[in-house]
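Containing compact mmCIF, C-alpha atoms: final.txt.
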```
# COMPACT_ATOMS: atom_id res chain seq x y z
CA MET A 148 -40.37 12.18 -50.15
CA GLU A 149 -41.08 8.53 -50.67
CA ILE A 150 -43.55 5.97 -49.50
CA GLN A 151 -42.01 2.81 -48.11
CA VAL A 152 -42.64 -0.49 -49.78
CA ASN A 153 -43.65 -3.10 -47.26
CA SER A 154 -42.34 -6.61 -47.37
CA GLU A 155 -45.52 -8.20 -48.68
CA LEU A 156 -45.53 -5.83 -51.58
CA LEU A 157 -41.89 -6.58 -52.26
CA ASP A 158 -42.74 -10.28 -52.35
CA GLY A 159 -45.37 -9.56 -54.96
CA LEU A 160 -43.06 -7.41 -57.06
CA VAL A 161 -40.40 -10.09 -57.17
CA LEU A 162 -42.88 -12.85 -57.96
CA SER A 163 -44.43 -10.71 -60.65
CA LEU A 164 -41.01 -10.26 -62.21
CA LEU A 165 -40.44 -13.98 -62.18
CA THR A 166 -43.63 -14.67 -64.11
CA ARG A 167 -41.97 -12.97 -67.06
CA GLU A 168 -38.76 -14.94 -66.88
CA ASP A 169 -36.26 -16.52 -64.50
CA TYR A 170 -33.83 -14.00 -63.05
CA TYR A 171 -30.60 -14.21 -61.10
CA GLY A 172 -30.16 -12.26 -57.87
CA TYR A 173 -28.40 -9.18 -59.09
CA ALA A 174 -30.72 -8.78 -62.07
CA ILE A 175 -33.77 -8.95 -59.80
CA THR A 176 -32.40 -6.18 -57.63
CA GLN A 177 -31.53 -4.02 -60.61
CA GLU A 178 -34.94 -4.48 -62.17
CA ILE A 179 -36.84 -3.63 -58.99
CA GLN A 180 -34.59 -0.66 -58.34
CA LYS A 181 -35.63 0.83 -61.66
CA SER A 182 -38.95 1.64 -60.08
CA ILE A 183 -38.56 1.71 -56.34
CA ASN A 184 -35.83 2.81 -54.01
CA ILE A 185 -34.58 -0.13 -52.00
CA SER A 186 -31.09 -0.83 -50.77
CA ASP A 187 -28.97 -3.57 -52.29
CA SER A 188 -29.07 -5.57 -49.10
CA THR A 189 -32.86 -5.69 -49.01
CA MET A 190 -33.28 -8.36 -51.65
CA TYR A 191 -31.58 -11.27 -49.94
CA PRO A 192 -34.07 -11.63 -47.05
CA VAL A 193 -36.94 -11.27 -49.52
CA LEU A 194 -35.68 -14.04 -51.77
CA LYS A 195 -34.90 -16.20 -48.77
CA ARG A 196 -38.44 -15.78 -47.49
CA LEU A 197 -39.98 -16.52 -50.88
CA LYS A 198 -37.93 -19.65 -51.16
CA LYS A 199 -38.79 -20.73 -47.64
CA ASN A 200 -42.49 -20.50 -48.47
CA ASP A 201 -41.93 -22.53 -51.63
CA TRP A 202 -43.11 -19.69 -53.82
CA LEU A 203 -39.95 -19.91 -55.84
CA THR A 204 -37.18 -22.40 -56.46
CA THR A 205 -33.59 -21.91 -57.48
CA TYR A 206 -31.31 -23.59 -59.95
CA ASP A 207 -27.72 -22.99 -60.88
CA HIS A 208 -26.43 -22.18 -64.32
CA PRO A 209 -22.79 -21.75 -65.21
CA TYR A 210 -21.75 -18.34 -66.47
CA GLN A 211 -18.26 -17.32 -67.46
CA GLY A 212 -16.70 -20.09 -65.45
CA ARG A 213 -18.64 -19.38 -62.28
CA ASN A 214 -22.09 -20.06 -60.97
CA ARG A 215 -25.24 -18.05 -61.31
CA ARG A 216 -28.23 -18.91 -59.20
CA TYR A 217 -31.51 -18.37 -60.99
CA TYR A 218 -34.86 -17.90 -59.30
CA GLN A 219 -38.00 -19.42 -60.73
CA ILE A 220 -41.59 -18.99 -59.62
CA THR A 221 -43.54 -22.08 -58.58
CA PRO A 222 -47.25 -22.84 -59.08
CA ALA A 223 -47.76 -22.09 -55.39
CA GLY A 224 -45.97 -18.83 -55.96
CA THR A 225 -48.23 -17.95 -58.86
CA GLU A 226 -51.24 -18.63 -56.69
CA HIS A 227 -49.90 -16.47 -53.90
CA LEU A 228 -49.11 -13.73 -56.40
CA GLN A 229 -52.68 -13.74 -57.66
CA GLU A 230 -53.92 -13.31 -54.11
CA LEU A 231 -51.50 -10.45 -53.65
CA LEU A 232 -52.59 -8.82 -56.90
CA GLY A 233 -56.20 -9.00 -55.80
CA ALA A 234 -55.36 -7.46 -52.45
CA TRP A 235 -53.25 -4.79 -54.09
CA ARG A 236 -55.94 -3.73 -56.54
CA LYS A 237 -58.45 -3.46 -53.76
CA TYR A 238 -55.99 -1.47 -51.69
CA LYS A 239 -55.24 0.84 -54.57
CA LEU A 240 -58.94 1.49 -55.12
CA ASN A 241 -59.55 2.18 -51.45
CA ILE A 242 -56.67 4.62 -51.15
CA ASP A 243 -57.60 6.40 -54.34
CA ALA A 244 -61.20 6.62 -53.17
CA ILE A 245 -60.02 8.81 -50.35
CA PHE A 246 -57.34 10.76 -52.18
CA ASP A 247 -59.55 11.48 -55.16
CA GLN A 248 -61.80 13.53 -52.88
CA THR A 249 -59.04 15.79 -51.67
CA GLN A 250 -59.95 19.47 -51.80
CA ILE A 251 -56.99 21.71 -52.11
CA PRO A 252 -58.23 25.31 -52.46
CA PRO A 253 -57.23 26.60 -55.89
CA LEU A 254 -54.60 29.35 -55.85
CA THR A 255 -55.98 32.66 -57.07
CA LEU A 256 -53.76 35.58 -58.02
CA GLY A 257 -53.61 38.03 -55.13
CA GLY A 258 -56.97 36.99 -53.77
CA ALA A 259 -57.97 35.65 -50.39
CA ASP A 260 -60.24 32.63 -50.40
CA MET B 1199 -12.60 -11.74 -58.30
CA ALA B 1200 -10.92 -8.52 -57.26
CA ASN B 1201 -8.81 -8.54 -54.11
CA ASP B 1202 -10.94 -6.02 -52.27
CA VAL B 1203 -14.06 -8.01 -52.99
CA THR B 1204 -12.56 -11.31 -51.82
CA GLU B 1205 -11.38 -9.64 -48.65
CA TYR B 1206 -14.76 -8.07 -47.98
CA LEU B 1207 -16.50 -11.40 -48.47
CA ALA B 1208 -14.05 -13.19 -46.19
CA GLU B 1209 -14.57 -10.59 -43.50
CA LEU B 1210 -18.31 -10.89 -43.91
CA LYS B 1211 -18.16 -14.65 -43.56
CA GLY B 1212 -16.08 -14.32 -40.43
CA LEU B 1213 -18.92 -12.47 -38.74
CA LEU B 1214 -21.59 -15.04 -39.54
CA GLY B 1215 -20.42 -17.66 -37.09
CA SER B 1216 -23.69 -17.80 -35.23
CA LEU B 1217 -25.51 -19.08 -38.30
CA THR B 1218 -25.61 -22.71 -39.35
CA THR B 1219 -23.18 -23.79 -42.05
CA GLN B 1220 -26.01 -24.03 -44.53
CA GLU B 1221 -27.19 -20.51 -43.75
CA GLN B 1222 -23.66 -19.14 -43.97
CA ASP B 1223 -23.15 -20.76 -47.35
CA ASP B 1224 -26.43 -19.35 -48.64
CA VAL B 1225 -25.53 -15.82 -47.59
CA MET B 1226 -22.01 -16.03 -49.00
CA GLU B 1227 -23.19 -17.58 -52.24
CA PHE B 1228 -25.71 -14.83 -52.74
CA TYR B 1229 -23.42 -11.89 -52.04
CA SER B 1230 -20.40 -13.34 -53.78
CA GLU B 1231 -22.44 -13.78 -56.93
CA TYR B 1232 -24.04 -10.40 -56.42
CA LEU B 1233 -20.77 -8.52 -56.22
CA GLN B 1234 -19.37 -10.27 -59.23
CA ASP B 1235 -22.45 -9.47 -61.27
CA ALA B 1236 -22.31 -5.88 -60.09
CA GLY B 1237 -18.79 -5.66 -61.45
CA VAL B 1238 -17.51 -3.81 -58.41
CA VAL B 1239 -13.81 -3.81 -57.83
CA THR B 1240 -12.82 -1.54 -54.95
CA ARG B 1241 -13.88 -1.78 -51.35
CA SER B 1242 -15.54 1.61 -51.44
CA GLU B 1243 -17.64 0.50 -54.39
CA VAL B 1244 -18.71 -2.56 -52.44
CA GLU B 1245 -19.48 -0.51 -49.36
CA SER B 1246 -21.45 2.08 -51.28
CA ARG B 1247 -23.81 -0.71 -52.25
CA LEU B 1248 -23.89 -3.03 -49.26
CA GLY B 1249 -22.48 -1.03 -46.38
CA THR B 1250 -19.45 -2.21 -44.45
CA HIS B 1251 -19.04 -5.93 -43.86
CA LYS B 1252 -20.01 -5.33 -40.23
CA GLN B 1253 -23.19 -3.52 -41.13
CA LEU B 1254 -24.15 -6.19 -43.62
CA ALA B 1255 -23.36 -8.99 -41.19
CA ARG B 1256 -25.49 -7.39 -38.49
CA LYS B 1257 -28.33 -6.92 -40.90
CA VAL B 1258 -28.16 -10.56 -41.96
CA LEU B 1259 -27.93 -11.81 -38.38
CA ALA B 1260 -30.75 -9.57 -37.20
CA ASP B 1261 -32.90 -10.86 -40.03
CA TYR B 1262 -32.20 -14.49 -39.10
CA SER B 1263 -32.82 -13.77 -35.42
CA ILE B 1264 -36.11 -12.10 -36.15
CA LYS B 1265 -37.20 -15.10 -38.17
CA ASP B 1266 -36.34 -17.39 -35.26
CA SER B 1267 -38.20 -15.27 -32.74
CA GLN B 1268 -41.26 -15.09 -34.92
CA LYS B 1269 -41.12 -18.82 -35.44
CA GLN B 1270 -40.91 -19.42 -31.71
CA ALA B 1271 -43.65 -16.94 -30.98
CA ARG B 1272 -45.87 -18.92 -33.33
CA GLU B 1273 -44.93 -22.27 -31.87
CA ASN B 1274 -45.86 -20.93 -28.43
CA LYS B 1275 -43.56 -23.01 -26.27
CA SER B 1276 -44.63 -23.39 -22.69
CA THR B 1277 -42.37 -25.58 -20.55
CA ILE B 1278 -39.96 -23.72 -18.29
CA LYS B 1279 -36.92 -25.06 -20.13
CA ASP B 1280 -38.41 -23.95 -23.44
CA GLN B 1281 -39.24 -20.59 -21.93
CA LYS B 1282 -35.63 -20.14 -20.89
CA ALA B 1283 -34.44 -20.99 -24.40
CA THR B 1284 -37.03 -18.67 -25.91
CA ASN B 1285 -36.04 -15.88 -23.54
CA LYS B 1286 -32.41 -16.34 -24.41
CA SER B 1287 -33.06 -16.20 -28.13
CA ASN B 1288 -35.32 -13.18 -27.71
CA VAL B 1289 -32.69 -11.38 -25.70
CA THR B 1290 -30.06 -12.31 -28.28
CA MET B 1291 -32.28 -10.95 -30.99
CA ILE B 1292 -32.89 -7.71 -29.13
CA TRP B 1293 -29.16 -7.31 -28.78
CA MET B 1294 -28.52 -8.07 -32.46
CA VAL B 1295 -31.05 -5.49 -33.49
CA ILE B 1296 -29.56 -2.88 -31.16
CA LEU B 1297 -26.20 -3.47 -32.80
CA ALA B 1298 -27.71 -3.31 -36.25
CA ILE B 1299 -29.50 -0.05 -35.51
CA ALA B 1300 -26.47 1.43 -33.78
CA SER B 1301 -24.22 0.61 -36.69
CA SER B 1302 -26.45 1.72 -39.53
CA PRO B 1303 -26.48 5.27 -40.85
CA VAL B 1304 -29.62 6.32 -39.02
CA THR B 1305 -30.11 9.92 -38.08
CA ILE B 1306 -29.04 10.56 -34.49
CA PRO B 1307 -32.44 11.65 -33.16
CA LEU B 1308 -34.03 8.50 -34.57
CA ALA B 1309 -31.36 6.24 -33.15
CA LEU B 1310 -31.57 7.96 -29.77
CA GLY B 1311 -35.35 7.67 -29.81
CA VAL B 1312 -35.21 3.99 -30.52
CA LEU B 1313 -32.56 3.34 -27.90
CA LEU B 1314 -34.59 5.27 -25.34
CA VAL B 1315 -37.69 3.19 -26.09
CA LEU B 1316 -35.55 0.09 -25.71
CA ALA B 1317 -34.13 1.34 -22.44
CA GLY B 1318 -37.66 1.96 -21.22
CA ALA B 1319 -38.75 -1.54 -22.13
CA ILE B 1320 -35.72 -3.10 -20.49
CA LEU B 1321 -36.32 -1.06 -17.34
CA ALA B 1322 -39.92 -2.30 -17.30
CA VAL B 1323 -38.76 -5.88 -17.49
CA LEU B 1324 -36.20 -5.32 -14.76
CA GLY B 1325 -38.84 -3.60 -12.67
CA VAL B 1326 -41.15 -6.58 -12.87
CA LEU B 1327 -38.27 -8.90 -12.09
CA PHE B 1328 -37.34 -6.87 -9.04
CA ALA B 1329 -40.93 -6.70 -7.80
CA ALA B 1330 -41.25 -10.45 -8.27
CA ILE B 1331 -38.12 -11.16 -6.29
CA VAL B 1332 -39.16 -8.86 -3.47
CA GLY B 1333 -42.61 -10.42 -3.48
CA VAL B 1334 -41.26 -13.95 -3.30
CA LEU B 1335 -38.84 -13.12 -0.52
CA GLY B 1336 -41.54 -11.31 1.41
CA VAL B 1337 -44.10 -14.06 1.17
CA GLY B 1338 -41.46 -16.66 1.85
CA ALA B 1339 -40.41 -14.85 5.00
CA ILE B 1340 -44.00 -14.60 6.18
CA ALA B 1341 -44.56 -18.30 5.50
CA LEU B 1342 -41.48 -19.33 7.47
CA PHE B 1343 -42.34 -17.02 10.34
CA ALA B 1344 -45.93 -18.27 10.54
CA ILE B 1345 -44.80 -21.88 10.59
CA TYR B 1346 -42.24 -21.13 13.25
CA VAL B 1347 -44.79 -19.39 15.44
CA GLY B 1348 -47.21 -22.22 14.81
CA ILE B 1349 -44.73 -24.82 15.98
CA MET B 1350 -43.90 -22.77 19.06
CA MET B 1351 -47.59 -22.55 19.92
CA ILE B 1352 -48.30 -26.28 19.76
CA PRO B 1353 -47.61 -27.01 23.43
CA GLY B 1354 -50.60 -25.37 25.07
CA HIS B 1355 -52.43 -23.41 22.37
CA LEU B 1356 -53.22 -26.07 19.82
CA ALA B 1357 -55.99 -24.19 18.01
CA VAL B 1358 -53.88 -21.08 17.59
CA ALA B 1359 -50.92 -23.20 16.53
CA LEU B 1360 -53.02 -24.84 13.84
CA PHE B 1361 -54.09 -21.42 12.65
CA TYR B 1362 -50.52 -20.23 12.22
CA LEU B 1363 -49.42 -23.47 10.62
CA GLY B 1364 -52.33 -23.24 8.23
CA ALA B 1365 -51.46 -19.65 7.35
CA GLY B 1366 -47.86 -20.63 6.74
CA VAL B 1367 -48.79 -23.48 4.46
CA ALA B 1368 -51.24 -21.26 2.59
CA ALA B 1369 -48.48 -18.73 2.03
CA ILE B 1370 -46.26 -21.46 0.62
CA GLY B 1371 -49.14 -22.47 -1.65
CA ALA B 1372 -49.42 -18.89 -2.88
CA LEU B 1373 -45.71 -18.92 -3.66
CA LEU B 1374 -45.99 -22.14 -5.61
CA ILE B 1375 -48.69 -20.57 -7.74
CA GLY B 1376 -47.20 -17.09 -7.91
CA VAL B 1377 -43.64 -17.88 -8.92
CA PRO B 1378 -44.41 -19.73 -12.16
CA LEU B 1379 -46.98 -17.04 -12.92
CA ALA B 1380 -44.44 -14.27 -12.45
CA LEU B 1381 -41.97 -16.15 -14.64
CA SER B 1382 -44.58 -16.48 -17.36
CA ILE B 1383 -45.34 -12.79 -17.20
CA LEU B 1384 -41.65 -12.04 -17.46
CA SER B 1385 -41.27 -14.31 -20.48
CA TRP B 1386 -44.23 -12.66 -22.10
CA LEU B 1387 -42.78 -9.19 -21.45
CA ILE B 1388 -39.51 -10.19 -23.03
CA LYS B 1389 -41.33 -11.68 -26.00
CA MET B 1390 -43.37 -8.51 -26.51
CA THR B 1391 -40.25 -6.38 -26.32
CA ALA B 1392 -38.59 -8.62 -28.87
CA LEU B 1393 -41.54 -8.39 -31.26
CA ALA B 1394 -41.73 -4.63 -30.82
CA ILE B 1395 -38.03 -4.30 -31.52
CA SER B 1396 -38.18 -6.41 -34.63
CA TRP B 1397 -41.12 -4.34 -35.88
CA LEU B 1398 -39.14 -1.17 -35.14
CA TYR B 1399 -36.12 -2.59 -36.88
CA ARG B 1400 -38.04 -3.38 -40.02
CA LYS B 1401 -39.49 0.12 -40.05
CA ILE B 1402 -36.09 1.68 -39.63
CA THR B 1403 -34.35 -0.32 -42.29
CA LYS B 1404 -37.11 0.65 -44.71
CA ILE B 1405 -36.90 4.34 -43.84
CA GLN B 1406 -33.34 4.63 -44.89
CA PRO B 1407 -31.66 2.42 -47.45
CA THR B 1408 -27.91 2.20 -46.88
CA VAL B 1409 -27.44 4.04 -50.14
CA LYS B 1410 -29.88 6.10 -52.08
CA LYS B 1411 -29.46 5.53 -55.76
CA GLU B 1412 -29.17 8.96 -57.32
CA ASP B 1413 -29.59 8.00 -60.90
CA HIS B 1414 -33.10 6.59 -60.95
CA HIS B 1415 -35.50 7.32 -63.70
CA GLU B 1416 -38.34 9.66 -62.81
CA LYS B 1417 -41.12 7.59 -61.42
CA VAL B 1418 -44.10 7.37 -63.72
CA ASP B 1419 -47.00 8.39 -61.54
```

Mind turning this structure into structure tokens?
Amino acid sequence: MEIQVNSELLDGLVLSLLTREDYYGYAITQEIQKSINISDSTMYPVLKRLKKNDWLTTYDHPYQGRNRRYYQITPAGTEHLQELLGAWRKYKLNIDAIFDQTQIPPLTLGGAD
Amino acid sequence: MANDVTEYLAELKGLLGSLTTQEQDDVMEFYSEYLQDAGVVTRSEVESRLGTHKQLARKVLADYSIKDSQKQARENKSTIKDQKATNKSNVTMIWMVILAIASSPVTIPLALGVLLVLAGAILAVLGVLFAAIVGVLGVGAIALFAIYVGIMMIPGHLAVALFYLGAGVAAIGALLIGVPLALSILSWLIKMTALAISWLYRKITKIQPTVKKEDHHEKVD
């Protein structure tokens, strides 16, 4: 079973990627899909939203006679990402604080508990 | 670009007519580039990644509609003309999402559940509409009747006539207040339904990607 990634988290993952280097659309999707299970048609609305909020910009670069559109993080995007990272770390701590206290009774051979 | 891919893209574009030219170009640019980078050649390869051109188009349109509805919800328009436009776009969006859900590979129980919820919401809206119409007609009839009686009473029973006339005018006053109020409530109901649907839609499209990638690495965690 899998836990869904919500759209804010997706925003953060893409922005985080872009702090390492500029990526084109297909490469972003591939990279994210290495770790989480999203469909190929999920990325377009995410990138569109990020661009709309001015957290990234795009530029075109010719490749093998056609165009490739590259995505680049903006300073505003970096700021937003840092906020997201802060929120994520807090969230992670809070969830773990609960899960770490889980008590699953240990299995004993042939014995009732 | 392979024939199948060009065809798919052309078919996709054909379904995006309700978007602005700029939006259409953005979508086409993205997916055209995407498919070329993916190196897919046959239609079934394309569809295994993006779904059919219809499914993809509906997803794109639903996403744009949702954005518009959210934008309008934020801008909080209030004149009657604006309300009508907002209602229309909300209803359009609800319809787009229904189509998107109906055409995506959702499990039948889930799709049925969603459609039933939708049906319930739509019935609620229609119910309110019906009640409002009945109410308006009823009060209107009472107002007219009271005024008629009032006029008839003038020769001879002036005080009583004034009473009836007053009641009639008061009823008309109530109508003038009540009708815009009912319309506002209706608009609000439609807006809430639209927001609920778009929330549902986002949940559903996250629950099931159009294709599960089988060859992922094991997650480290």

Could you please tell me, as a ChimeraX atom specification, which residues of chain A have an atom within 8 Å of chain B when using all atoms listed in the file?
/A:151-153,172-173,180-182,184-188,191-192,214-215

What is the distance between CA of Leu1207 in chain B and CA of Thr1250 in chain B, in Å to one decimal?
10.5 Å

Let me have the centre and edge lengths of the axis-aligned box enclosing all listed atoms of range 1336-1354 of chain B with 4 Å padding on every side, in Å to one decimal, as JSON.
```
{"center_x": -45.5, "center_y": -19.2, "center_z": 13.1, "size_x": 18.2, "size_y": 23.7, "size_z": 31.9}
```

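Each of A:Thr221, A:Asn200, A:Thr249, A:Asn241 was checked against Thr166 in chain A using only C-alpha atoms; the smallest atom-to-atom distance is that of A:Thr221.
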
Quick check, in Å to one decimal: how far apart do CA of Pro1378 in chain B and CA of Ala1283 in chain B lie?
15.8 Å

In Å, how far is it from CA of Trp1293 in chain B to CA of Lys195 in chain A?
22.6 Å

Do a neighbour search on Asp201 in chain A at 10 Å with all atoms listed in the file, toss out local chain neighbours closer than 4 positions, and write the hits as a PyMOL selection string.
chain A and resi 195-197+220-224

Neighbouring residues of range 1343-1351 of chain B were defined as those with any atom within 12 Å, considering all atoms listed in the file; residues of the same chain fewer than 5 positions away were excluded. Please report them as a ChimeraX atom specification.
/B:1336-1338,1356-1370
